[in-house]
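Q: File name run_14.txt; file contents compact mmCIF, C-alpha atoms and all ligand atoms; full text below.
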# COMPACT_ATOMS: atom_id res chain seq x y z
CA MET A 1 31.32 -5.57 10.69
CA ALA A 2 28.63 -7.54 8.95
CA PHE A 3 25.24 -6.24 9.80
CA SER A 4 22.67 -8.80 10.87
CA LEU A 5 19.01 -8.18 10.14
CA ARG A 6 18.04 -10.64 12.82
CA SER A 7 19.44 -8.42 15.55
CA LEU A 8 17.11 -5.56 14.68
CA PRO A 9 14.35 -4.68 17.09
CA ARG A 10 10.89 -5.58 15.84
CA ALA A 11 8.82 -2.54 15.13
CA GLY A 12 5.40 -3.97 16.03
CA PRO A 13 3.85 -2.34 12.98
CA PHE A 14 0.26 -3.24 13.72
CA ALA A 15 0.42 -2.00 17.28
CA ARG A 16 -2.59 0.06 18.27
CA VAL A 17 -2.11 3.65 17.28
CA SER A 18 -2.22 6.03 20.16
CA ARG A 19 -4.65 8.88 19.95
CA VAL A 20 -2.19 11.16 21.70
CA ARG A 21 -1.74 14.15 19.48
CA TRP A 22 1.81 15.12 18.70
CA MET A 23 2.55 18.57 20.10
CA SER A 24 5.71 20.46 19.32
CA GLY A 25 8.23 19.46 21.90
CA THR A 26 5.78 18.84 24.71
CA GLY A 27 4.37 15.42 23.89
CA THR A 28 1.29 16.26 25.95
CA GLN A 29 -2.28 15.23 25.31
CA THR A 30 -4.71 17.97 24.43
CA SER A 31 -8.47 18.24 24.25
CA LEU A 32 -8.45 20.06 20.92
CA PRO A 33 -11.11 18.90 18.46
CA ASP A 34 -10.49 15.65 16.57
CA ILE A 35 -12.06 14.95 13.18
CA ASP A 36 -15.82 15.23 13.74
CA PRO A 37 -18.10 13.60 11.12
CA ALA A 38 -21.10 15.48 12.59
CA LYS A 39 -19.51 18.72 11.42
CA LEU A 40 -19.12 17.59 7.79
CA GLN A 41 -20.02 20.27 5.26
CA ILE A 42 -20.92 19.19 1.75
CA HIS A 43 -20.59 21.57 -1.20
CA LYS A 44 -21.64 19.74 -4.33
CA THR A 45 -20.28 20.54 -7.74
CA THR A 46 -22.56 22.45 -10.10
CA SER A 47 -20.68 21.16 -13.14
CA PRO A 48 -20.25 17.37 -12.93
CA LYS A 49 -17.59 16.01 -15.29
CA PRO A 50 -18.33 13.43 -17.99
CA ILE A 51 -17.37 9.95 -16.78
CA PRO A 52 -14.90 8.43 -19.24
CA PRO A 53 -15.59 4.97 -20.72
CA SER A 54 -13.99 2.31 -18.52
CA GLU A 55 -11.81 0.88 -21.29
CA THR A 56 -10.00 4.22 -21.66
CA LEU A 57 -8.94 4.43 -18.00
CA LYS A 58 -5.23 4.68 -17.31
CA PHE A 59 -4.21 4.13 -13.68
CA GLY A 60 -4.64 7.29 -11.64
CA HIS A 61 -5.24 9.83 -14.43
CA VAL A 62 -8.90 10.72 -13.96
CA PHE A 63 -10.48 12.00 -10.75
CA THR A 64 -14.07 12.09 -9.55
CA ASP A 65 -16.23 15.18 -9.04
CA HIS A 66 -15.52 15.68 -5.34
CA MET A 67 -12.73 15.63 -2.79
CA LEU A 68 -12.59 15.64 0.99
CA ALA A 69 -10.49 18.23 2.83
CA ILE A 70 -9.84 18.69 6.55
CA SER A 71 -7.43 21.28 7.84
CA TRP A 72 -5.60 21.23 11.17
CA THR A 73 -3.78 23.77 13.26
CA GLN A 74 -1.86 23.33 16.45
CA GLN A 75 -4.05 25.96 18.15
CA GLU A 76 -7.47 24.77 16.97
CA GLY A 77 -7.06 21.06 16.23
CA TRP A 78 -9.03 19.53 13.36
CA ALA A 79 -11.47 21.85 11.58
CA ALA A 80 -14.86 20.80 10.19
CA PRO A 81 -14.42 18.24 7.38
CA GLU A 82 -15.48 19.51 3.97
CA ILE A 83 -16.52 17.69 0.83
CA ARG A 84 -16.15 20.06 -2.09
CA PRO A 85 -15.72 20.00 -5.87
CA TYR A 86 -12.43 18.42 -6.96
CA GLY A 87 -9.96 21.18 -7.75
CA PRO A 88 -6.57 22.80 -7.14
CA LEU A 89 -5.27 23.64 -3.69
CA THR A 90 -3.99 27.11 -2.94
CA LEU A 91 -0.85 26.88 -0.82
CA ASP A 92 1.79 29.39 0.14
CA PRO A 93 5.12 28.70 -1.62
CA SER A 94 6.83 28.60 1.77
CA SER A 95 4.62 25.66 2.90
CA THR A 96 6.90 23.06 4.46
CA VAL A 97 5.52 20.25 2.27
CA PHE A 98 7.23 21.79 -0.77
CA HIS A 99 10.66 21.89 0.84
CA TYR A 100 10.98 19.04 3.29
CA ALA A 101 8.49 16.45 2.00
CA GLN A 102 6.21 16.78 5.02
CA CYS A 103 3.82 14.53 3.21
CA LEU A 104 2.34 11.06 3.55
CA PHE A 105 -0.27 9.11 1.65
CA GLU A 106 -2.42 6.01 1.63
CA GLY A 107 -3.90 3.86 -1.12
CA LEU A 108 -7.05 1.77 -0.91
CA LYS A 109 -9.91 0.83 -3.20
CA ALA A 110 -13.70 0.91 -3.23
CA TYR A 111 -15.29 -1.98 -5.10
CA ARG A 112 -18.69 -2.53 -6.66
CA ASP A 113 -19.24 -6.05 -5.35
CA VAL A 114 -21.17 -8.93 -6.95
CA HIS A 115 -24.27 -7.98 -4.93
CA GLY A 116 -24.18 -4.40 -6.28
CA ARG A 117 -22.94 -3.00 -2.97
CA VAL A 118 -20.05 -0.56 -2.63
CA THR A 119 -17.38 -1.93 -0.32
CA LEU A 120 -13.91 -1.17 1.02
CA PHE A 121 -11.26 -3.79 1.84
CA ARG A 122 -9.83 -3.62 5.38
CA PRO A 123 -9.86 0.22 5.47
CA ASP A 124 -9.12 0.25 9.22
CA MET A 125 -5.61 -0.95 8.35
CA ASN A 126 -5.07 2.06 6.09
CA MET A 127 -6.30 4.44 8.80
CA ALA A 128 -3.94 2.90 11.36
CA ARG A 129 -1.00 3.01 8.94
CA MET A 130 -1.77 6.62 8.04
CA ASN A 131 -1.60 7.55 11.72
CA ARG A 132 1.74 5.73 12.12
CA SER A 133 3.13 7.61 9.10
CA ALA A 134 1.85 10.91 10.52
CA HIS A 135 3.45 10.23 13.88
CA ARG A 136 6.78 9.39 12.24
CA ILE A 137 7.05 12.74 10.45
CA ALA A 138 5.52 14.86 13.23
CA LEU A 139 2.24 15.50 11.40
CA PRO A 140 -0.94 15.42 13.50
CA ASN A 141 -2.71 12.18 14.42
CA PHE A 142 -6.47 11.81 14.14
CA ASP A 143 -9.36 9.48 14.91
CA GLY A 144 -9.11 6.90 12.10
CA ALA A 145 -12.74 5.79 12.52
CA ALA A 146 -13.89 9.40 12.10
CA LEU A 147 -11.87 9.85 8.91
CA LEU A 148 -13.28 6.58 7.59
CA ASP A 149 -16.79 7.85 8.32
CA VAL A 150 -16.37 11.01 6.23
CA LEU A 151 -14.43 9.10 3.57
CA LYS A 152 -17.45 6.79 3.16
CA GLN A 153 -19.65 9.85 2.64
CA LEU A 154 -17.32 11.02 -0.14
CA ILE A 155 -17.50 7.58 -1.79
CA ARG A 156 -21.31 7.53 -1.55
CA LEU A 157 -21.49 10.93 -3.22
CA ASP A 158 -19.23 9.84 -6.11
CA LYS A 159 -20.24 6.15 -6.25
CA HIS A 160 -21.51 6.45 -9.85
CA TRP A 161 -17.82 6.88 -10.76
CA ILE A 162 -17.01 3.30 -9.68
CA PRO A 163 -16.71 1.34 -12.92
CA GLN A 164 -19.08 -1.63 -13.08
CA GLU A 165 -16.79 -3.87 -15.12
CA LYS A 166 -15.03 -6.87 -13.62
CA GLY A 167 -11.67 -6.05 -12.05
CA HIS A 168 -12.40 -2.30 -11.96
CA SER A 169 -12.53 -0.19 -8.83
CA LEU A 170 -12.23 3.29 -7.39
CA TYR A 171 -8.71 4.01 -6.16
CA ILE A 172 -8.79 6.22 -3.06
CA ARG A 173 -5.82 8.39 -2.22
CA PRO A 174 -5.75 10.05 1.23
CA VAL A 175 -2.90 12.56 1.68
CA LEU A 176 -1.65 14.54 4.68
CA ILE A 177 0.72 17.48 4.21
CA GLY A 178 2.42 20.07 6.39
CA THR A 179 1.25 23.55 5.34
CA GLN A 180 3.08 25.79 7.75
CA GLN A 181 4.43 28.88 6.05
CA THR A 182 8.05 28.88 7.09
CA ILE A 183 11.49 28.02 5.80
CA GLY A 184 12.37 26.53 9.17
CA ILE A 185 12.24 22.78 9.58
CA SER A 186 10.16 21.83 12.59
CA PRO A 187 6.86 20.12 13.35
CA PRO A 188 4.32 22.04 11.26
CA GLU A 189 1.78 24.09 13.17
CA SER A 190 -0.70 23.65 10.35
CA ALA A 191 -1.56 20.70 8.12
CA LEU A 192 -4.07 19.63 5.49
CA LEU A 193 -5.60 16.18 5.08
CA TYR A 194 -7.36 15.55 1.79
CA VAL A 195 -8.73 12.59 -0.12
CA ILE A 196 -9.13 12.23 -3.88
CA CYS A 197 -10.60 9.30 -5.83
CA SER A 198 -9.74 7.87 -9.24
CA PRO A 199 -11.65 5.22 -11.23
CA VAL A 200 -9.23 2.47 -12.33
CA GLY A 201 -9.27 -0.62 -14.51
CA PRO A 202 -7.64 -3.98 -13.80
CA TYR A 203 -3.87 -3.84 -13.42
CA TYR A 204 -3.49 -6.67 -15.92
CA PRO A 205 -6.31 -6.21 -18.48
CA ASN A 206 -5.03 -9.02 -20.70
CA GLY A 207 -4.20 -11.66 -18.09
CA PHE A 208 -1.25 -11.86 -15.73
CA LYS A 209 2.02 -10.63 -17.07
CA PRO A 210 5.04 -11.69 -15.01
CA VAL A 211 7.70 -9.02 -14.53
CA ALA A 212 11.48 -9.12 -14.83
CA LEU A 213 13.37 -7.51 -11.94
CA HIS A 214 16.74 -5.88 -11.65
CA GLY A 215 18.40 -7.10 -8.44
CA THR A 216 19.41 -3.64 -7.25
CA THR A 217 22.47 -3.32 -5.04
CA GLU A 218 23.70 0.11 -6.12
CA HIS A 219 20.76 1.98 -4.52
CA VAL A 220 18.80 1.34 -1.33
CA ARG A 221 15.07 1.97 -0.87
CA ALA A 222 15.17 1.70 2.90
CA SER A 223 17.71 1.00 5.60
CA PRO A 224 17.68 -0.11 9.26
CA GLY A 225 16.44 2.71 11.44
CA GLY A 226 15.16 4.58 8.38
CA THR A 227 11.63 5.32 7.24
CA GLY A 228 10.91 2.47 4.80
CA ALA A 229 8.09 1.15 6.99
CA TYR A 230 6.07 4.35 6.55
CA LYS A 231 4.11 5.53 3.53
CA ILE A 232 5.73 8.95 3.49
CA GLY A 233 6.36 10.87 0.27
CA ALA A 234 10.08 11.14 1.00
CA ASN A 235 10.52 7.39 0.38
CA TYR A 236 9.24 7.45 -3.19
CA ALA A 237 10.88 10.18 -5.28
CA PRO A 238 14.35 8.61 -4.81
CA GLY A 239 13.04 5.31 -6.28
CA VAL A 240 12.09 6.77 -9.65
CA TYR A 241 15.60 7.14 -11.04
CA PRO A 242 16.67 3.57 -10.11
CA GLN A 243 13.49 2.35 -11.80
CA LYS A 244 14.51 4.20 -14.98
CA GLU A 245 17.95 2.59 -14.75
CA ALA A 246 16.36 -0.85 -14.37
CA ALA A 247 14.18 -0.15 -17.43
CA GLN A 248 17.27 0.80 -19.45
CA LEU A 249 18.76 -2.58 -18.55
CA GLY A 250 15.60 -4.31 -19.81
CA TYR A 251 13.88 -4.94 -16.47
CA VAL A 252 10.49 -3.70 -15.32
CA GLN A 253 11.21 -2.98 -11.66
CA ASN A 254 13.85 -2.89 -8.97
CA LEU A 255 14.27 -5.77 -6.59
CA TRP A 256 15.67 -3.85 -3.65
CA LEU A 257 18.53 -5.87 -2.13
CA TYR A 258 20.01 -4.73 1.16
CA GLY A 259 23.48 -5.11 2.66
CA SER A 260 26.46 -7.23 1.66
CA GLU A 261 24.30 -10.35 2.15
CA HIS A 262 21.85 -9.04 -0.49
CA TYR A 263 18.75 -9.45 1.62
CA LEU A 264 15.54 -9.28 -0.37
CA THR A 265 13.36 -6.41 0.86
CA GLU A 266 10.68 -5.22 -1.59
CA VAL A 267 9.99 -5.10 -5.31
CA GLY A 268 9.34 -1.60 -6.69
CA THR A 269 6.64 -0.41 -4.30
CA MET A 270 5.28 -3.85 -3.50
CA ASN A 271 5.94 -6.39 -0.77
CA LEU A 272 7.72 -9.56 -1.77
CA PHE A 273 6.99 -13.27 -1.36
CA VAL A 274 9.13 -16.31 -2.24
CA VAL A 275 7.88 -19.92 -2.33
CA PHE A 276 10.42 -22.69 -1.74
CA LYS A 277 9.83 -26.41 -2.08
CA HIS A 278 11.41 -28.55 0.62
CA GLU A 279 12.76 -32.08 0.29
CA ASP A 280 9.61 -33.57 1.82
CA GLY A 281 7.54 -31.95 -0.94
CA SER A 282 6.03 -29.26 1.28
CA PHE A 283 6.04 -25.58 0.36
CA GLU A 284 7.43 -22.70 2.41
CA LEU A 285 5.95 -19.25 1.79
CA VAL A 286 8.51 -16.66 2.87
CA THR A 287 8.33 -12.89 3.18
CA PRO A 288 10.88 -10.56 4.77
CA PRO A 289 10.01 -9.62 8.37
CA LEU A 290 8.68 -6.19 9.36
CA ASP A 291 12.08 -5.05 10.60
CA GLY A 292 11.66 -1.36 9.83
CA MET A 293 12.70 -1.59 6.17
CA ILE A 294 9.49 -3.22 4.95
CA LEU A 295 6.23 -1.36 4.35
CA PRO A 296 3.52 -3.23 6.29
CA GLY A 297 1.20 -3.82 3.34
CA VAL A 298 -2.47 -4.64 3.78
CA THR A 299 -2.18 -7.14 0.92
CA ARG A 300 0.94 -8.65 2.56
CA ASP A 301 -0.99 -9.11 5.78
CA SER A 302 -3.96 -10.61 3.91
CA VAL A 303 -1.71 -13.09 2.08
CA LEU A 304 -0.03 -14.10 5.34
CA SER A 305 -3.33 -14.45 7.14
CA LEU A 306 -4.93 -16.61 4.41
CA ALA A 307 -1.81 -18.76 4.02
CA ARG A 308 -1.59 -19.25 7.80
CA SER A 309 -5.26 -20.25 7.93
CA HIS A 310 -4.50 -22.87 5.30
CA ALA A 311 -1.38 -24.02 7.16
CA SER A 312 -3.35 -24.44 10.40
CA GLY A 313 -6.17 -26.31 8.65
CA ALA A 314 -8.78 -23.61 9.38
CA LEU A 315 -9.16 -22.95 5.65
CA ARG A 316 -8.52 -25.24 2.67
CA LEU A 317 -6.92 -23.52 -0.29
CA PRO A 318 -6.49 -25.60 -3.45
CA HIS A 319 -2.97 -26.49 -4.69
CA LEU A 320 -1.20 -25.23 -1.57
CA GLY A 321 -0.69 -28.68 -0.08
CA ARG A 322 1.45 -28.82 3.04
CA LEU A 323 2.59 -25.27 3.69
CA THR A 324 4.67 -23.42 6.23
CA VAL A 325 4.48 -19.63 6.39
CA THR A 326 7.49 -17.70 7.63
CA GLU A 327 8.49 -14.09 8.02
CA ARG A 328 12.24 -14.35 7.82
CA ALA A 329 15.24 -12.81 6.16
CA VAL A 330 16.00 -14.30 2.75
CA THR A 331 19.04 -13.53 0.61
CA MET A 332 19.54 -13.46 -3.13
CA PRO A 333 22.18 -16.25 -2.99
CA GLU A 334 19.57 -18.45 -1.25
CA VAL A 335 17.03 -17.70 -4.01
CA ARG A 336 19.58 -18.36 -6.75
CA GLU A 337 20.64 -21.66 -5.18
CA ALA A 338 17.02 -22.78 -4.85
CA ALA A 339 16.32 -21.82 -8.47
CA GLN A 340 19.33 -23.82 -9.67
CA ALA A 341 18.33 -26.83 -7.56
CA GLY A 342 14.73 -26.74 -8.82
CA ARG A 343 13.46 -25.88 -5.32
CA LEU A 344 12.10 -22.45 -6.19
CA VAL A 345 8.33 -22.65 -6.81
CA GLU A 346 7.55 -19.00 -7.52
CA MET A 347 8.03 -15.38 -6.49
CA PHE A 348 5.54 -12.53 -6.43
CA GLY A 349 4.92 -9.00 -5.23
CA THR A 350 1.79 -7.83 -3.40
CA GLY A 351 0.05 -4.44 -3.19
CA THR A 352 -3.36 -2.81 -3.47
CA ALA A 353 -2.96 -1.75 -7.11
CA ALA A 354 -2.16 -5.15 -8.66
CA ILE A 355 -2.97 -7.41 -5.64
CA ILE A 356 -0.42 -9.97 -6.88
CA SER A 357 2.27 -9.48 -9.49
CA THR A 358 4.32 -12.53 -10.45
CA ILE A 359 8.05 -12.49 -11.25
CA ASP A 360 9.72 -14.53 -13.99
CA ARG A 361 13.33 -13.33 -13.99
CA ILE A 362 15.83 -11.50 -11.79
CA GLY A 363 18.97 -9.91 -13.15
CA TYR A 364 21.53 -10.55 -10.42
CA ASP A 365 25.30 -10.52 -10.29
CA GLY A 366 25.67 -10.44 -14.07
CA GLN A 367 23.23 -13.27 -14.76
CA ASP A 368 19.50 -13.84 -14.98
CA VAL A 369 17.96 -16.05 -12.33
CA VAL A 370 14.92 -17.66 -13.93
CA ILE A 371 11.81 -17.97 -11.74
CA PRO A 372 9.16 -20.58 -12.62
CA VAL A 373 5.83 -19.28 -13.95
CA GLU A 374 2.97 -21.37 -15.33
CA ALA A 375 1.22 -20.82 -18.67
CA ASP A 376 -1.35 -18.38 -17.22
CA GLY A 377 1.41 -16.17 -15.84
CA MET A 378 0.93 -17.31 -12.23
CA GLY A 379 2.10 -20.07 -9.91
CA PRO A 380 0.19 -22.51 -7.70
CA VAL A 381 0.43 -20.43 -4.52
CA SER A 382 -0.11 -16.99 -6.04
CA ARG A 383 -3.12 -18.20 -8.07
CA SER A 384 -4.78 -19.65 -5.00
CA LEU A 385 -4.13 -16.58 -2.87
CA TRP A 386 -5.18 -14.18 -5.62
CA THR A 387 -8.50 -16.03 -6.01
CA GLU A 388 -9.13 -15.88 -2.26
CA ILE A 389 -8.34 -12.17 -1.95
CA VAL A 390 -10.28 -11.10 -5.04
CA GLY A 391 -13.20 -13.25 -3.88
CA ARG A 392 -13.29 -11.29 -0.64
CA GLN A 393 -12.98 -7.96 -2.42
CA THR A 394 -15.77 -8.72 -4.89
CA GLY A 395 -18.10 -10.18 -2.27
CA ALA A 396 -18.07 -13.65 -3.87
CA ILE A 397 -16.54 -14.97 -0.64
CA PRO A 398 -18.21 -13.47 2.47
CA SER A 399 -15.60 -11.88 4.72
CA GLU A 400 -15.36 -9.43 7.58
CA TRP A 401 -12.51 -7.80 5.62
CA SER A 402 -15.13 -6.38 3.26
CA VAL A 403 -16.73 -3.22 4.69
CA VAL A 404 -20.01 -2.10 3.15
CA VAL A 405 -20.17 1.60 2.27
CA ASP A 406 -23.42 1.62 0.33
CA GLU A 407 -26.11 -1.10 -0.05
C1 LIG A 501 1.87 0.75 -0.47
C2 LIG A 501 3.10 -0.10 -0.50
C3 LIG A 501 3.04 -1.50 -0.44
C4 LIG A 501 1.77 -2.27 -0.50
O1 LIG A 501 0.87 -1.99 0.53
P1 LIG A 501 -0.66 -2.39 0.37
O2 LIG A 501 -1.27 -1.91 1.65
O3 LIG A 501 -0.72 -3.86 0.23
O4 LIG A 501 -1.17 -1.67 -0.83
C5 LIG A 501 4.24 -2.20 -0.39
N1 LIG A 501 5.44 -1.56 -0.40
C6 LIG A 501 5.52 -0.22 -0.47
C7 LIG A 501 6.85 0.40 -0.48
C8 LIG A 501 4.35 0.55 -0.52
O5 LIG A 501 4.44 1.87 -0.61
Can you present the structure in this file as structure tokens?
Ligand SMILES: *Cc1c(COP(=O)(O)O)cnc(C)c1O
A:
Amino acid sequence: MAFSLRSLPRAGPFARVSRVRWMSGTGTQTSLPDIDPAKLQIHKTTSPKPIPPSETLKFGHVFTDHMLAISWTQQEGWAAPEIRPYGPLTLDPSSTVFHYAQCLFEGLKAYRDVHGRVTLFRPDMNMARMNRSAHRIALPNFDGAALLDVLKQLIRLDKHWIPQEKGHSLYIRPVLIGTQQTIGISPPESALLYVICSPVGPYYPNGFKPVALHGTTEHVRASPGGTGAYKIGANYAPGVYPQKEAAQLGYVQNLWLYGSEHYLTEVGTMNLFVVFKHEDGSFELVTPPLDGMILPGVTRDSVLSLARSHASGALRLPHLGRLTVTERAVTMPEVREAAQAGRLVEMFGTGTAAIISTIDRIGYDGQDVVIPVEADGMGPVSRSLWTEIVGRQTGAIPSEWSVVVDE
């Protein structure tokens, strides 16, 4: 029986996250302590590390002087948050994270904006998503606003690590792991939440470089009813080998195609957008719906929101013209047909690391489908959206998406 994506229940990914703490088997609410910023303890390093020159930064290789750690137990709830010198964790080898991937993560950035302030971009969305991931793998939930509060204190302490150069930022990696010491697989009775920070340069230091994708049908990243919509560690290790295979075939990343219809889902670990041109000359910006297989990206949501503002006339973005914005299933045969008919305008991926990554070629069904790209490596829609998002991240365009951490 052919499986239809359209019949899937909608997950409501941005639904308000309940503060009900997951308890083993009982599902009851407790009054155990939540994360409490008033209890934060700060232990500063006595041996600050040298800050490497910005031009030597490779993505995610260098970490700042401090980290944030908050432990949790089922009996005591969340312990006092602690900022301490960056360093190794000591964990029992039986800790469930090592065996069953009881692990989730987030990724967001702190920017040094054009006014010299330190800002975050829509961090509330990361806190909400982190709680949804935690709920999905039976790790404890927490007060997202409280975590954000202590996270800001970590950033203020290490703010001199944020590179000043254009396009640079501080990548922030919150992690939550199950630390219970047992071989049994069950909801962990202890967990550790920690946050580390890494100064990073621009994803494309020498201008945009479109990527070639391998239309992957022999592996799946996510499936209906699975966990693709959550940023849990278990989703990522299985994607490394297919990426190596794609590289051997001469492509940069996997374009994850699902089902016999070859539905487009995501590209590598980015969300995916396709722009079609209709007969009346208008553009349609399409992204796959949040049907449970798609990670609800903050960048994806930002692109949709800006494009919809343009479509409704609330905002004027250059070069977008008449635009419709749709979250709908799109198949590889539809993309190939549009490319052959000259109705494909562009394709791109979105995510915090690169913001927008354009695509120039897809290896599919024994042939390369060529995707239009302009001389600067972008297309009319991606260029416009990239400018709008970066403007809001750098403070050049005032926006409530930009949250000030430090004046
Ligand atoms: C993190 C991630 C994204 C992008 O999410 P952003 O919030 O925009 O960074 C997209 N797809 C996958 C699979 C991801 O893990």
Q: Using only C-alpha atoms and all ligand atoms, find each protein or nucleic acid residue lying at most 10 Å from ligand LIG 501 (chain A); present the set as a ChimeraX atom specification.
A: /A:105-109,122-123,125-126,129,221-222,228-233,235-236,239,265-272,293-303,349-356
Q: What is the CA of Thr326 in chain A-CA of Leu257 in chain A distance in Å, reported with one decimal?
A: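 Going from CA of Thr326 in chain A over to CA of Leu257 in chain A, I get 18.9 Å.
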Q: Please write out, as JSON, where the centre of an axis-aligned box around all listed atoms of range 240-253 of chain A lies and how long its edges are, in Å to one decimal, after adding 3 Å on each side.
A:
{"center_x": 14.6, "center_y": 1.1, "center_z": -14.7, "size_x": 14.3, "size_y": 18.1, "size_z": 16.2}
Q: Grab the CA of Lys152 in chain A to CA of Val195 in chain A distance for me, in Å with one decimal place.
A: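 Computing it gives 11.0 Å between the two atoms.
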Q: What's the 7 Å shell around Val325 in chain A, counting only C-alpha atoms, without same-chain residues fewer than 2 positions away, as a list of chain:residue names?
A: A:Glu284, A:Leu285, A:Val286, A:Ala307, A:Arg308, A:Leu323
